[in-house]
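For reference, the structure discussed in these notes is given below.
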Amino acid sequence: MGGGDKLGFKGDISKDFLNDKIFRTATEILNIGYVCNRCLGRAFGKLLHGITNERRGEIVRDFIALSLEAGVKIDLRMENFQDYNFRWIQKTSSEEKKCSICDDIFLEIVPKLIDEAIKNVRRYEFRTFLVGTILNKTLYEKDELILRTSPKYGESIKDEINRDVGKRLEGKYDRTVDHEDPQLVIILDLKRLEVEIKPKSLFVYGGYKKLVRGIPQTTWHCRRCRGKGCRACGWKGKMYRTSVQQIIEKPLLKMSKGGKSSFHGAGREDVDVRCLDYRPFIIEILNPRMRNLDLQKALSEINRSKFVEVNDLRFTDKDEVASIKEAKVDKTYKVIVTFKRPLKQLDRLKVLNGAKIAQQTPLRVLSRRADILRERKVNKIEFRRLTRFKAEIFIECEAGTYVKELVSGDGGRTKPNVADVLENDVKKILLDVVKISRKE
Ligand SMILES: [Zn+2]
Ligand SMILES: [Zn+2]
């Protein structure tokens, strides 16, 4: 190895010098039009640590001005050198100059947006963040031009802005940049000249009991007005007075100052079915401003409701949503069945113990689901007579069994079924989920 090795260079010095001559790159950029120091310096943003692009631009411009004065023969747009007092070079008349790359956005627009971002961000509780910048078309094209002219050392406008905002937040507010999973995404939109702040959703895990019939798991907006309120829904915008979701979200939205929620349950019971064992759920709070919520307090507020009871609230993340939705849960139901004719030989129901049943998609959900035949297993059935017409039946069955149809027969679409076995017809069914066992 030659002397280059001692100097710490890697590769062929002379070739690198010719290919990446700062001088040549700089003159190309300064021939685009008037270019501010910040944009000139950005073309060399990856050279030297600890100085700003503005300072880099100053250094390069000074160097070229010196070269010009020293007699280097090169055609350059002289508006780039208005501020120099040359000894021998004649300057053209000075005129109003605007950077032909950034259009001077760094003088007013960007600082204003950054100030706004910093101000808005104070309303949020967060530890980690990420900054993003949206450029308008002209800026984007000019930025590309710089990066093409100085592919090796150039930095993009986006990177420069993101870094500036990042530094201010890290320095002053002790927050950390997180590229993987930030709690707050701050977007400086130079297209619409506005700041957008997107907090990551909060996910809270728990189990709920639904203590009453007549409310759905999730909020159903009125189909006719889609939630705006109309005559059909009594101007409420909703199909039901409340929902499990609405009761659980209330304190969480209040504490987090969040916008709305999204509810993910491990299955769901029908509106007219109670759920008397804790059904796992995850509620997602969208756009939360506060993240350090007192879940114990939320829990006791929810449990003041007569409709819903929750247990074990804890924070979780998005990944668990999928696992909660995929989980296969065996359930035990308590069914109070009223028959049309007096009950005879209730004992016959024993044949359903451990029975495999064939179920065609129930008529009541056929409009929403594909008509398929599935096989499910009744793990266990227990029963007792309540009155001449009424029986109480406990059915433990495999996940995905339609229990109402297992009782009524659904016009022969579920076989075998309770009504057939008892040679009777069903008048009324009251259903409760009494036990949920999650299979891991
Ligand atoms: Zn500029
Ligand atoms: Zn409506």
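Order determines the names: the first chain of the structure tokens is A, the second B, and so forth; residues in each chain are numbered 1 upward, and ligands are numbered 1 upward as they are shown.
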Exercise. Can you list, as a list of chain:residue names, every protein, DNA or RNA residue that comes within 10 Å of Asp317 of chain A when you count only C-alpha atoms, leaving out same-chain residues fewer than 6 positions away?
Worked result: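 Here the qualifying residues turn out to be A:Ser201, A:Leu202, A:Phe203, A:Val204, A:Tyr205, A:Ile282, A:Glu284.
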Exercise. Residues of segment 129-223 of chain A in helix (DSSP H, G or I) according to DSSP, as number ranges by chain?
Worked result: A: 137-149, 157-173
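Among the candidate residues A:Ile114, A:Leu30, A:Ile146, A:Cys233, the one lying nearest to ligand 2 is A:Cys233, with distances computed using only C-alpha atoms and all ligand atoms.
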Problem set entry | For atom CA of Ser150 of chain A and atom CA of Glu108 of chain A, the interatomic separation in Å (one decimal) |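 Calculated distance between atom CA of Ser150 of chain A and atom CA of Glu108 of chain A is 26.0 Å.
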For this session: Can you tell me which residues come within 12 Å of ligand 2 when counting only C-alpha atoms and all ligand atoms, ideally as a ChimeraX atom specification?
Result: /A:220-240
Would you export the selected residues with C-alpha atoms as a CSV table (one decimal), in the first residue's frame, please?
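Full text of result12.csv as output:
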chain,number,residue,atom,x,y,z
A,220,TRP,CA,-74.6,-0.8,15.5
A,221,HIS,CA,-75.2,2.4,13.6
A,222,CYS,CA,-78.6,2.9,12.0
A,223,ARG,CA,-78.5,1.3,8.6
A,224,ARG,CA,-80.6,4.0,7.1
A,225,CYS,CA,-78.7,7.1,8.3
A,226,ARG,CA,-75.4,5.5,9.2
A,227,GLY,CA,-75.2,7.2,12.5
A,228,LYS,CA,-76.4,10.7,11.7
A,229,GLY,CA,-79.8,10.2,13.2
A,230,CYS,CA,-83.1,9.9,11.3
A,231,ARG,CA,-86.8,9.1,12.0
A,232,ALA,CA,-86.2,5.4,11.7
A,233,CYS,CA,-83.8,5.3,14.6
A,234,GLY,CA,-85.5,8.0,16.7
A,235,TRP,CA,-82.7,10.4,15.9
A,236,LYS,CA,-80.2,8.4,17.9
A,237,GLY,CA,-78.2,7.1,14.9
A,238,LYS,CA,-78.0,3.8,16.6
A,239,MET,CA,-80.1,0.6,16.5
A,240,TYR,CA,-79.8,-0.1,20.2
Problem set entry | Contacts with ligand 1 at most 7 Å, only C-alpha atoms and all ligand atoms counted, listed as number ranges by chain | A: 35-39, 99-104
Please dump the current selection as an mmCIF file, in the first residue's frame; keep all heavy atoms.
data_model
loop_
_atom_site.group_PDB
_atom_site.id
_atom_site.type_symbol
_atom_site.label_atom_id
_atom_site.label_comp_id
_atom_site.auth_asym_id
_atom_site.auth_seq_id
_atom_site.Cartn_x
_atom_site.Cartn_y
_atom_site.Cartn_z
ATOM 1 N N VAL A 35 -29.245 29.788 -5.484
ATOM 2 C CA VAL A 35 -29.454 28.689 -4.547
ATOM 3 C C VAL A 35 -28.975 29.144 -3.167
ATOM 4 O O VAL A 35 -27.862 29.660 -3.037
ATOM 5 C CB VAL A 35 -28.677 27.425 -4.983
ATOM 6 C CG1 VAL A 35 -28.833 26.314 -3.949
ATOM 7 C CG2 VAL A 35 -29.166 26.929 -6.343
ATOM 8 N N CYS A 36 -29.828 28.975 -2.166
ATOM 9 C CA CYS A 36 -29.464 29.446 -0.818
ATOM 10 C C CYS A 36 -28.416 28.525 -0.193
ATOM 11 O O CYS A 36 -28.189 27.414 -0.651
ATOM 12 C CB CYS A 36 -30.707 29.530 0.071
ATOM 13 S SG CYS A 36 -31.352 27.943 0.618
ATOM 14 N N ASN A 37 -27.768 29.009 0.858
ATOM 15 C CA ASN A 37 -26.705 28.226 1.503
ATOM 16 C C ASN A 37 -27.208 26.885 2.021
ATOM 17 O O ASN A 37 -26.515 25.894 1.976
ATOM 18 C CB ASN A 37 -26.099 29.021 2.667
ATOM 19 C CG ASN A 37 -25.033 29.988 2.173
ATOM 20 O OD1 ASN A 37 -24.516 29.830 1.055
ATOM 21 N ND2 ASN A 37 -24.716 30.998 2.973
ATOM 22 N N ARG A 38 -28.418 26.919 2.514
ATOM 23 C CA ARG A 38 -28.977 25.704 3.084
ATOM 24 C C ARG A 38 -29.101 24.613 2.013
ATOM 25 O O ARG A 38 -28.784 23.450 2.246
ATOM 26 C CB ARG A 38 -30.354 26.019 3.661
ATOM 27 C CG ARG A 38 -30.882 24.904 4.470
ATOM 28 C CD ARG A 38 -31.604 25.463 5.646
ATOM 29 N NE ARG A 38 -32.126 24.381 6.448
ATOM 30 C CZ ARG A 38 -32.650 24.564 7.647
ATOM 31 N NH1 ARG A 38 -32.715 25.772 8.146
ATOM 32 N NH2 ARG A 38 -33.109 23.547 8.318
ATOM 33 N N CYS A 39 -29.577 24.996 0.826
ATOM 34 C CA CYS A 39 -29.754 24.019 -0.259
ATOM 35 C C CYS A 39 -28.406 23.625 -0.858
ATOM 36 O O CYS A 39 -28.191 22.469 -1.199
ATOM 37 C CB CYS A 39 -30.681 24.574 -1.333
ATOM 38 S SG CYS A 39 -32.389 24.699 -0.750
ATOM 39 N N CYS A 99 -34.486 31.422 -3.462
ATOM 40 C CA CYS A 99 -33.801 30.165 -3.777
ATOM 41 C C CYS A 99 -34.597 29.363 -4.793
ATOM 42 O O CYS A 99 -35.786 29.117 -4.602
ATOM 43 C CB CYS A 99 -33.593 29.351 -2.513
ATOM 44 S SG CYS A 99 -32.856 27.749 -2.829
ATOM 45 N N SER A 100 -33.921 28.971 -5.864
ATOM 46 C CA SER A 100 -34.650 28.255 -6.907
ATOM 47 C C SER A 100 -34.822 26.775 -6.579
ATOM 48 O O SER A 100 -35.445 26.034 -7.323
ATOM 49 C CB SER A 100 -33.967 28.434 -8.262
ATOM 50 O OG SER A 100 -32.593 28.183 -8.125
ATOM 51 N N ILE A 101 -34.279 26.348 -5.463
ATOM 52 C CA ILE A 101 -34.516 24.960 -5.035
ATOM 53 C C ILE A 101 -35.662 24.924 -4.013
ATOM 54 O O ILE A 101 -36.689 24.311 -4.244
ATOM 55 C CB ILE A 101 -33.245 24.335 -4.402
ATOM 56 C CG1 ILE A 101 -32.083 24.331 -5.407
ATOM 57 C CG2 ILE A 101 -33.528 22.921 -3.896
ATOM 58 C CD1 ILE A 101 -32.307 23.494 -6.644
ATOM 59 N N CYS A 102 -35.474 25.630 -2.903
ATOM 60 C CA CYS A 102 -36.462 25.504 -1.812
ATOM 61 C C CYS A 102 -37.508 26.615 -1.830
ATOM 62 O O CYS A 102 -38.441 26.583 -1.024
ATOM 63 C CB CYS A 102 -35.752 25.478 -0.465
ATOM 64 S SG CYS A 102 -34.999 27.061 -0.041
ATOM 65 N N ASP A 103 -37.351 27.564 -2.730
ATOM 66 C CA ASP A 103 -38.312 28.662 -2.784
ATOM 67 C C ASP A 103 -38.391 29.389 -1.425
ATOM 68 O O ASP A 103 -39.440 29.905 -1.047
ATOM 69 C CB ASP A 103 -39.699 28.115 -3.176
ATOM 70 C CG ASP A 103 -40.487 29.148 -3.963
ATOM 71 O OD1 ASP A 103 -39.885 30.130 -4.436
ATOM 72 O OD2 ASP A 103 -41.722 28.975 -4.082
ATOM 73 N N ASP A 104 -37.300 29.346 -0.692
ATOM 74 C CA ASP A 104 -37.181 30.011 0.620
ATOM 75 C C ASP A 104 -38.135 29.487 1.700
ATOM 76 O O ASP A 104 -38.434 30.201 2.655
ATOM 77 C CB ASP A 104 -37.388 31.533 0.481
ATOM 78 C CG ASP A 104 -36.181 32.191 -0.187
ATOM 79 O OD1 ASP A 104 -35.176 31.477 -0.421
ATOM 80 O OD2 ASP A 104 -36.250 33.394 -0.493
#
Problem set entry | Spatial neighbours of Ile109 of chain A, 12 Å, only C-alpha atoms, chain gap at least 2 places, as a PyMOL selection string | chain A and resi 102-107+111-116+161+188-195
Exercise. As a PyMOL selection string, which residues of segment 293-413 of chain A does DSSP assign to strand (DSSP E)?
Worked result: chain A and resi 308-316+329-339+356-360+373-385+390-397
For this session: Fewer than 2 positions away in the same chain doesn't count, so skip those; otherwise give me all residues within 7 Å of segment 425-437 of chain A, counting only C-alpha atoms, as number ranges by chain.
Result: A: 273-277, 279, 329-340, 408, 419, 439
Exercise. Of the candidates A:Leu299, A:Leu147, A:Ile324, A:Val421, which one gets nearest to Lys350 of chain A if we count only C-alpha atoms?
Worked result: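 Closest to Lys350 of chain A of all the choices is A:Val421.
Look at Leu293 of chain A: the protein and nucleic acid residues within 8 Å of it, using only C-alpha atoms and passing over chain neighbours fewer than 3 places away, are Leu252, Met255, Ser256 and Met290 of chain A.
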Output all heavy atoms for every residue in that selection, as a PDB file, in the first residue's frame.
ATOM      1  N   LEU A 252     -62.620   5.029  29.056  1.00  0.00           N
ATOM      2  CA  LEU A 252     -61.320   4.977  28.371  1.00  0.00           C
ATOM      3  C   LEU A 252     -61.155   6.134  27.393  1.00  0.00           C
ATOM      4  O   LEU A 252     -60.084   6.722  27.281  1.00  0.00           O
ATOM      5  CB  LEU A 252     -61.161   3.636  27.642  1.00  0.00           C
ATOM      6  CG  LEU A 252     -61.096   2.404  28.555  1.00  0.00           C
ATOM      7  CD1 LEU A 252     -61.160   1.121  27.739  1.00  0.00           C
ATOM      8  CD2 LEU A 252     -59.826   2.428  29.403  1.00  0.00           C
ATOM      9  N   MET A 255     -60.623   9.308  29.585  1.00  0.00           N
ATOM     10  CA  MET A 255     -59.266   9.409  30.159  1.00  0.00           C
ATOM     11  C   MET A 255     -58.202   9.659  29.106  1.00  0.00           C
ATOM     12  O   MET A 255     -57.249  10.387  29.325  1.00  0.00           O
ATOM     13  CB  MET A 255     -58.923   8.101  30.882  1.00  0.00           C
ATOM     14  CG  MET A 255     -59.647   7.896  32.170  1.00  0.00           C
ATOM     15  SD  MET A 255     -59.261   6.223  32.779  1.00  0.00           S
ATOM     16  CE  MET A 255     -60.063   6.293  34.366  1.00  0.00           C
ATOM     17  N   SER A 256     -58.367   9.018  27.958  1.00  0.00           N
ATOM     18  CA  SER A 256     -57.331   9.117  26.919  1.00  0.00           C
ATOM     19  C   SER A 256     -57.562  10.314  26.015  1.00  0.00           C
ATOM     20  O   SER A 256     -56.723  10.645  25.197  1.00  0.00           O
ATOM     21  CB  SER A 256     -57.338   7.847  26.066  1.00  0.00           C
ATOM     22  OG  SER A 256     -58.562   7.747  25.364  1.00  0.00           O
ATOM     23  N   MET A 290     -53.794  10.924  25.768  1.00  0.00           N
ATOM     24  CA  MET A 290     -53.145  10.442  26.981  1.00  0.00           C
ATOM     25  C   MET A 290     -52.935   8.945  26.870  1.00  0.00           C
ATOM     26  O   MET A 290     -53.777   8.236  26.328  1.00  0.00           O
ATOM     27  CB  MET A 290     -54.030  10.727  28.210  1.00  0.00           C
ATOM     28  CG  MET A 290     -54.324  12.196  28.405  1.00  0.00           C
ATOM     29  SD  MET A 290     -52.805  13.111  28.683  1.00  0.00           S
ATOM     30  CE  MET A 290     -53.115  14.569  27.712  1.00  0.00           C
TER      31      MET A 290
END
Exercise. Counting only C-alpha atoms, which of A:Ile187, A:Leu211, A:Ala266, A:Ala43 gets nearest to Ile157 of chain A?
Worked result: A:Ala43
For this session: List the neighbours of Arg385 of chain A out to 9 Å using only C-alpha atoms; skip same-chain residues closer than 6 positions along the sequence, and give me the result as a ChimeraX atom specification.
Result: /A:343,346,391-393
Writer output for current selection, N, CA and C atoms, as a compact mmCIF listing (two decimals), in the first residue's frame:
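Final output, saved to out-v1.txt:
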# COMPACT_ATOMS: atom_id res chain seq x y z
N LEU A 343 -94.06 -31.39 27.91
CA LEU A 343 -92.82 -32.16 27.78
C LEU A 343 -93.03 -33.62 28.15
N LEU A 346 -88.01 -36.29 28.78
CA LEU A 346 -86.89 -35.36 28.64
C LEU A 346 -85.56 -36.11 28.58
N ALA A 391 -88.06 -26.32 29.99
CA ALA A 391 -86.91 -27.08 30.48
C ALA A 391 -85.69 -26.18 30.51
N GLU A 392 -84.76 -26.54 31.41
CA GLU A 392 -83.48 -25.85 31.46
C GLU A 392 -82.43 -26.82 30.94
N ILE A 393 -81.69 -26.40 29.91
CA ILE A 393 -80.71 -27.30 29.31
C ILE A 393 -79.33 -26.64 29.33
